[in-house]
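**Student:** Can you read through this structure? Questions will come right after.
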Amino acid sequence: MKHSFIIFFLISINFFAQIFVSPDGNDTNSGTIDSPLASIVEAMNLIQPQDTIYLLAGVYKVSEKISITKNGYADSLYCLFGYNGERALLDFSSMEVNSSNRGISLSGTYWHIYGIDVKGAGDNGMHVSGSFNRIEFCTFYENNDTGLQIGNGASDNQIINCDSYFNADPGQGNADGFAPKLDVGSNNYFYGCRAWQNSDDGWDGYMRGNDDVSTILENCWSFKNGYLKSGNASSGNGNGFKLGGSDDKTLMHNFTLKNCVAFDNRIKGFDQNNNKGSMILYNCTAYRNGTNYSIVSTLNDGKIANVTNSISLGNYGTLDNFVEQQTNSWFTPFTVTEEDFISIDTLGVRGPRKSDGSLPDINFLHLANGSDLIDAGIDVGISFIGTTPDLGAFEFDPNITGVLTNEKIKNDFTLEQNYPNPFNPNTSINFSVKNKSFVKLEVFDVVGRKIKTLVNDWKNSGNYKINFEAKELSSGIYFYILNENGQIQTKKMTLVK
């Protein structure tokens, strides 16, 4: 099935060039789908703003770094996509291990890179030094340093629904899953990403060469870091989320984490690591890390640490007195046990993503019906179901007895996750109706104000696709609600401008 986003994008760029590349192509070809090029570098030489390079499915054996240097514009992006929702693997395994041998070096601006896997680079799988780029539904694995690193002042990049795993450098102390660190700029945003079994950390925000920058992580999972692909312990740090630090222990990296999960990391789940900047942790969950939470070193003037609505299954660790805390699971009257969760079996956490790139549905660490952690939190501006927010990363839905796919929730209608998500300013919402019925589809903001009615009519049995445009709205979380003859399904979407 063609990916809905690809179909939308093909329509929107109908008057701009499409350059096709194939493992079986030839650089003397014209670059059409029937006569594709062989080299991504050759395609880069030809591309203009609003053009798209499509990589046909297959394995691309690449021996030299791919440098992406051209600068687009906010309304004229460059695009590099896996074609038609299929995967293109860039295999750099023939590269010598060397700090200059990155797989992809992205110094350009306003690029959208989608649906590409990067393996075996001699250093970083991808190094981003440009700004205003979107890296989406990509995978970075078995590289000889960090899977995806952001540095050299790079700012305002979005890393959406990406995975980074089994990355290990020769000394095992540098390769992270994702690393917005050293001389990185501000306002880089990670959403729906996973990092596991990297020799050093899942996320590393260590500073050297820059100071007082900000990074946001939302709905991200970090697990089994500090271990190698073989399962053996590495000699690296082994933290899930390392929230900063610096050589002289004075620099600031301001981190905000929302709905993030750290488990089975060898040393720490959420680690301050002498960061002197602000650290905000809202609705996070930690389980079976060496230490679950650790914020112990005083901050610079004007900076705060706040941990709210968060869960620890097992001892929470150490949070010093300067850390602002509210409604966390280690406070009275809560007592957290395995019975608070549908499952503590990690089955599925590495599972394939959905067709739109979003995280798989799992039961792991989702709250069980009857847990006193449900509706026990305070409103911190994150969407929730019920009277007040739950504790932890996964909001309990009383209409679902387990974590199931949409198709299993109701037999007579289905509401799918919008795509793309996050989006700006357009997104598509798909739903299906089994029997003819009256259907209402509405969009609300986080305080319950109705933004727009998209559907309010009788619909015959079938599948429907609705476009939602949000040009006039501010960045944030919105809900869309499908009501079919009194049966309701709700999903949230994120507008990022």
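Starting from 1 in every chain, residues are counted up; chains themselves are A, B, ... following the order of the structure tokens, and ligands are numbered from 1 as listed.
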Env of region 203-213 of chain A: 10 Å cut, atoms = only C-alpha atoms, seq-sep filter 4 positions within chain, self excluded. Answer as a CSV table (one decimal) with N, CA and C atoms, in the first residue's frame.
**Tutor:**
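Saved result, selection30.csv, follows:
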chain,number,residue,atom,x,y,z
A,146,THR,N,28.4,7.4,17.3
A,146,THR,CA,27.0,7.7,17.5
A,146,THR,C,26.2,7.5,16.2
A,148,LEU,N,23.2,9.0,15.3
A,148,LEU,CA,22.9,10.4,14.8
A,148,LEU,C,23.4,11.4,15.8
A,149,GLN,N,24.3,12.3,15.4
A,149,GLN,CA,24.9,13.3,16.2
A,149,GLN,C,24.6,14.7,15.6
A,150,ILE,N,24.3,15.6,16.5
A,150,ILE,CA,24.0,17.0,16.1
A,150,ILE,C,25.0,17.9,16.8
A,151,GLY,N,25.7,18.8,16.0
A,151,GLY,CA,26.7,19.6,16.5
A,151,GLY,C,27.0,20.8,15.6
A,152,ASN,N,28.1,21.5,15.9
A,152,ASN,CA,28.6,22.6,15.1
A,152,ASN,C,27.5,23.7,15.0
A,153,GLY,N,26.8,23.9,16.1
A,153,GLY,CA,25.8,25.0,16.2
A,153,GLY,C,24.5,24.7,15.6
A,155,SER,N,20.8,23.9,14.9
A,155,SER,CA,19.6,24.3,15.7
A,155,SER,C,18.4,24.0,15.0
A,164,SER,N,18.0,4.1,16.7
A,164,SER,CA,19.4,4.1,16.7
A,164,SER,C,19.9,3.0,17.7
A,174,ASN,N,32.2,6.2,23.3
A,174,ASN,CA,31.7,7.4,22.6
A,174,ASN,C,30.4,7.2,21.9
A,175,ALA,N,30.1,6.0,21.5
A,175,ALA,CA,29.0,5.7,20.6
A,175,ALA,C,27.7,5.7,21.3
A,176,ASP,N,26.9,6.7,21.0
A,176,ASP,CA,25.5,6.9,21.6
A,176,ASP,C,24.5,6.6,20.5
A,177,GLY,N,23.2,6.4,21.0
A,177,GLY,CA,22.2,6.3,20.0
A,177,GLY,C,22.0,7.7,19.3
A,178,PHE,N,21.7,8.7,20.1
A,178,PHE,CA,21.5,10.1,19.6
A,178,PHE,C,22.3,11.0,20.5
A,179,ALA,N,23.0,12.0,19.9
A,179,ALA,CA,23.8,12.9,20.6
A,179,ALA,C,23.7,14.3,20.2
A,180,PRO,N,22.8,15.1,20.8
A,180,PRO,CA,22.9,16.5,20.6
A,180,PRO,C,23.9,17.1,21.6
A,181,LYS,N,25.1,17.2,21.2
A,181,LYS,CA,26.2,17.5,22.2
A,181,LYS,C,27.3,18.3,21.7
A,182,LEU,N,28.3,18.5,22.6
A,182,LEU,CA,29.5,19.3,22.4
A,182,LEU,C,29.2,20.7,22.0
A,183,ASP,N,29.2,21.1,20.7
A,183,ASP,CA,29.0,22.4,20.2
A,183,ASP,C,27.6,22.6,19.5
A,184,VAL,N,26.6,21.8,20.0
A,184,VAL,CA,25.3,21.8,19.4
A,184,VAL,C,24.6,23.1,19.7
A,185,GLY,N,23.7,23.5,18.8
A,185,GLY,CA,22.8,24.7,19.0
A,185,GLY,C,21.6,24.3,19.7
A,186,SER,N,20.6,25.3,19.7
A,186,SER,CA,19.4,25.1,20.5
A,186,SER,C,18.2,24.7,19.7
A,187,ASN,N,17.1,24.3,20.4
A,187,ASN,CA,15.8,24.0,19.8
A,187,ASN,C,15.8,22.8,18.9
A,188,ASN,N,16.7,21.8,19.2
A,188,ASN,CA,16.6,20.5,18.5
A,188,ASN,C,15.5,19.7,19.2
A,194,ARG,N,13.7,5.8,19.4
A,194,ARG,CA,14.2,4.7,20.3
A,194,ARG,C,15.7,4.6,20.2
A,195,ALA,N,16.3,4.4,21.3
A,195,ALA,CA,17.8,4.1,21.3
A,195,ALA,C,18.0,2.9,22.2
A,196,TRP,N,18.7,1.9,21.6
A,196,TRP,CA,19.0,0.7,22.5
A,196,TRP,C,20.3,0.0,22.1
A,198,ASN,N,23.4,0.7,22.6
A,198,ASN,CA,24.6,1.5,22.2
A,198,ASN,C,25.6,1.4,23.2
A,217,LEU,N,12.9,16.4,24.2
A,217,LEU,CA,12.6,15.0,23.9
A,217,LEU,C,11.1,14.7,24.3
A,220,CYS,N,10.0,9.4,23.8
A,220,CYS,CA,11.2,8.6,23.4
A,220,CYS,C,11.5,7.5,24.4
A,221,TRP,N,12.0,6.4,23.9
A,221,TRP,CA,12.4,5.2,24.7
A,221,TRP,C,13.9,4.9,24.6
A,222,SER,N,14.5,4.7,25.7
A,222,SER,CA,15.9,4.4,25.8
A,222,SER,C,16.2,3.2,26.7
A,225,ASN,N,21.2,0.4,27.1
A,225,ASN,CA,22.4,1.0,26.7
A,225,ASN,C,23.5,0.7,27.7
A,239,ASN,N,24.2,4.9,30.1
A,239,ASN,CA,23.0,5.7,30.6
A,239,ASN,C,21.9,5.7,29.5
A,240,GLY,N,20.7,5.8,30.0
A,240,GLY,CA,19.6,6.0,29.0
A,240,GLY,C,19.5,7.4,28.5
A,241,PHE,N,19.3,8.4,29.3
A,241,PHE,CA,19.3,9.8,28.9
A,241,PHE,C,20.3,10.5,29.8
A,242,LYS,N,21.4,10.9,29.2
A,242,LYS,CA,22.5,11.7,29.8
A,242,LYS,C,22.2,13.1,29.5
A,243,LEU,N,21.8,13.9,30.5
A,243,LEU,CA,21.2,15.2,30.3
A,243,LEU,C,22.2,16.3,30.3
A,244,GLY,N,23.5,16.1,29.9
A,244,GLY,CA,24.5,17.2,29.9
A,244,GLY,C,25.8,16.7,30.5
A,245,GLY,N,26.4,17.7,31.1
A,245,GLY,CA,27.8,17.5,31.6
A,245,GLY,C,28.8,18.3,30.8
A,246,SER,N,30.0,18.5,31.3
A,246,SER,CA,31.1,19.1,30.6
A,246,SER,C,32.4,18.8,31.3
A,247,ASP,N,33.5,19.1,30.6
A,247,ASP,CA,34.8,18.8,31.2
A,247,ASP,C,35.0,19.5,32.5
A,248,ASP,N,34.7,20.8,32.5
A,248,ASP,CA,34.9,21.6,33.8
A,248,ASP,C,33.7,21.6,34.7
A,249,LYS,N,32.6,20.9,34.3
A,249,LYS,CA,31.4,20.8,35.1
A,249,LYS,C,30.7,22.1,35.4
A,250,THR,N,30.8,23.0,34.4
A,250,THR,CA,30.1,24.3,34.6
A,250,THR,C,29.1,24.6,33.5
A,251,LEU,N,29.1,23.9,32.4
A,251,LEU,CA,28.3,24.2,31.2
A,251,LEU,C,26.8,23.7,31.4
A,252,MET,N,25.9,24.4,30.6
A,252,MET,CA,24.5,24.2,30.8
A,252,MET,C,23.9,23.6,29.5
A,253,HIS,N,23.1,22.6,29.7
A,253,HIS,CA,22.3,22.0,28.6
A,253,HIS,C,20.9,21.9,29.2
A,254,ASN,N,20.0,22.7,28.7
A,254,ASN,CA,18.6,22.8,29.2
A,254,ASN,C,17.8,21.7,28.5
A,255,PHE,N,17.4,20.6,29.3
A,255,PHE,CA,16.7,19.5,28.7
A,255,PHE,C,15.3,19.5,29.2
A,270,PHE,N,17.8,8.2,33.9
A,270,PHE,CA,17.8,9.6,33.7
A,270,PHE,C,19.0,10.2,34.5
A,271,ASP,N,20.0,10.7,33.9
A,271,ASP,CA,21.2,11.1,34.6
A,271,ASP,C,21.6,12.5,34.3
A,272,GLN,N,21.8,13.3,35.4
A,272,GLN,CA,22.2,14.7,35.3
A,272,GLN,C,23.6,14.8,34.7
A,273,ASN,N,24.5,14.0,35.2
A,273,ASN,CA,25.9,14.0,34.8
A,273,ASN,C,26.5,15.4,34.9
A,274,ASN,N,26.4,16.0,36.1
A,274,ASN,CA,27.0,17.3,36.4
A,274,ASN,C,26.5,18.5,35.5
A,275,ASN,N,25.4,18.3,34.8
A,275,ASN,CA,24.8,19.4,34.0
A,275,ASN,C,24.4,20.5,34.9
A,276,LYS,N,24.7,21.8,34.5
A,276,LYS,CA,24.4,22.9,35.3
A,276,LYS,C,23.1,23.7,34.8
A,277,GLY,N,22.6,23.1,33.7
A,277,GLY,CA,21.4,23.8,33.1
A,277,GLY,C,20.1,23.2,33.7
A,278,SER,N,19.0,23.7,33.2
A,278,SER,CA,17.6,23.2,33.7
A,278,SER,C,17.3,21.9,33.1
**Student:** Got a sec: who's within 8 Å of Leu373 (chain A), counting only C-alpha atoms, leaving out chain neighbours fewer than 4 positions off, as a ChimeraX atom specification?
**Tutor:** /A:329,334,340,367,377,390-391
**Student:** Between A:Gly236, A:Pro333, A:Gly226, A:Pro23, single out the one closest to Gly269 (chain A), counting only C-alpha atoms.
**Tutor:**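 Closest to Gly269 (chain A) of all the choices is A:Gly226.
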**Student:** Work out how far CA of Gly103 (chain A) is from CA of Ser230 (chain A), in Å to one decimal.
**Tutor:**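 Answer for the CA of Ser230 (chain A) to CA of Gly103 (chain A) separation: 23.2 Å.
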**Student:** Residues within 9 Å of Leu495 (chain A), please, as a count of residues only. Count only C-alpha atoms; anything in the same chain fewer than 3 positions from it doesn't count.
**Tutor:** 12
**Student:** Could you tell me how far CA of Val62 (chain A) lies from CA of Val21 (chain A), in Å and to one decimal?
**Tutor:**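 It comes out at 13.2 Å.
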**Student:** List every residue of region 253-476 of chain A that DSSP, applied to the backbone, labels as helix (DSSP H, G or I), and write the result as a PyMOL selection string.
**Tutor:** chain A and resi 338-340+406-409
**Student:** Those selected residues, please, written with N, CA and C atoms and delivered as a compact mmCIF listing (two decimals), in the first residue's frame.
**Tutor:**
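again-v1.txt written:
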# COMPACT_ATOMS: atom_id res chain seq x y z
N GLU A 338 4.43 -4.44 40.51
CA GLU A 338 4.22 -4.94 39.15
C GLU A 338 2.75 -4.97 38.78
N GLU A 339 1.88 -5.09 39.79
CA GLU A 339 0.44 -5.16 39.52
C GLU A 339 -0.12 -3.84 39.01
N ASP A 340 0.64 -2.77 39.12
CA ASP A 340 0.19 -1.48 38.58
C ASP A 340 0.24 -1.44 37.05
N ASN A 406 -5.77 -0.26 16.52
CA ASN A 406 -7.07 0.36 16.30
C ASN A 406 -8.10 -0.64 15.78
N GLU A 407 -7.65 -1.56 14.93
CA GLU A 407 -8.58 -2.50 14.33
C GLU A 407 -9.23 -3.40 15.39
N LYS A 408 -8.55 -3.61 16.52
CA LYS A 408 -9.07 -4.50 17.54
C LYS A 408 -9.94 -3.78 18.56
N ILE A 409 -9.90 -2.44 18.55
CA ILE A 409 -10.67 -1.71 19.54
C ILE A 409 -12.15 -1.79 19.23
**Student:** Give the strand (DSSP E) residues of region 212-328 of chain A, as DSSP finds them on the backbone, and put them as an NGL selection string.
**Tutor:** :A and (213-218 or 221-223 or 239-242 or 253-258 or 261-263 or 268-271 or 279-282 or 285-287 or 291-295 or 305-308 or 311-313 or 317-319 or 324-326)
**Student:** Determine the nearest neighbour of Leu482 (chain A) from the options A:Glu324, A:Asp372, A:Asp51, A:Glu442, counting only C-alpha atoms.
**Tutor:** A:Glu442
**Student:** Calculated over only C-alpha atoms, which of the candidates A:Thr388, A:Ser35, A:Ser235, A:Thr256 has the smallest distance to Ser214 (chain A)?
**Tutor:**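 Ranked by minimum distance to Ser214 (chain A), first place goes to A:Thr256.
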**Student:** Tell me which protein, DNA and RNA residues are within 6 Å of Ser294 (chain A), counting only C-alpha atoms, leaving out same-chain ones fewer than 6 positions away, and put them as an MDAnalysis selection string.
**Tutor:** chainID A and resid 271 317:319
**Student:** In Å to one decimal, how far is CA of Tyr165 (chain A) from CA of Tyr141 (chain A)?
**Tutor:**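 Straight-line distance from CA of Tyr141 (chain A) to CA of Tyr165 (chain A) works out to 4.9 Å.
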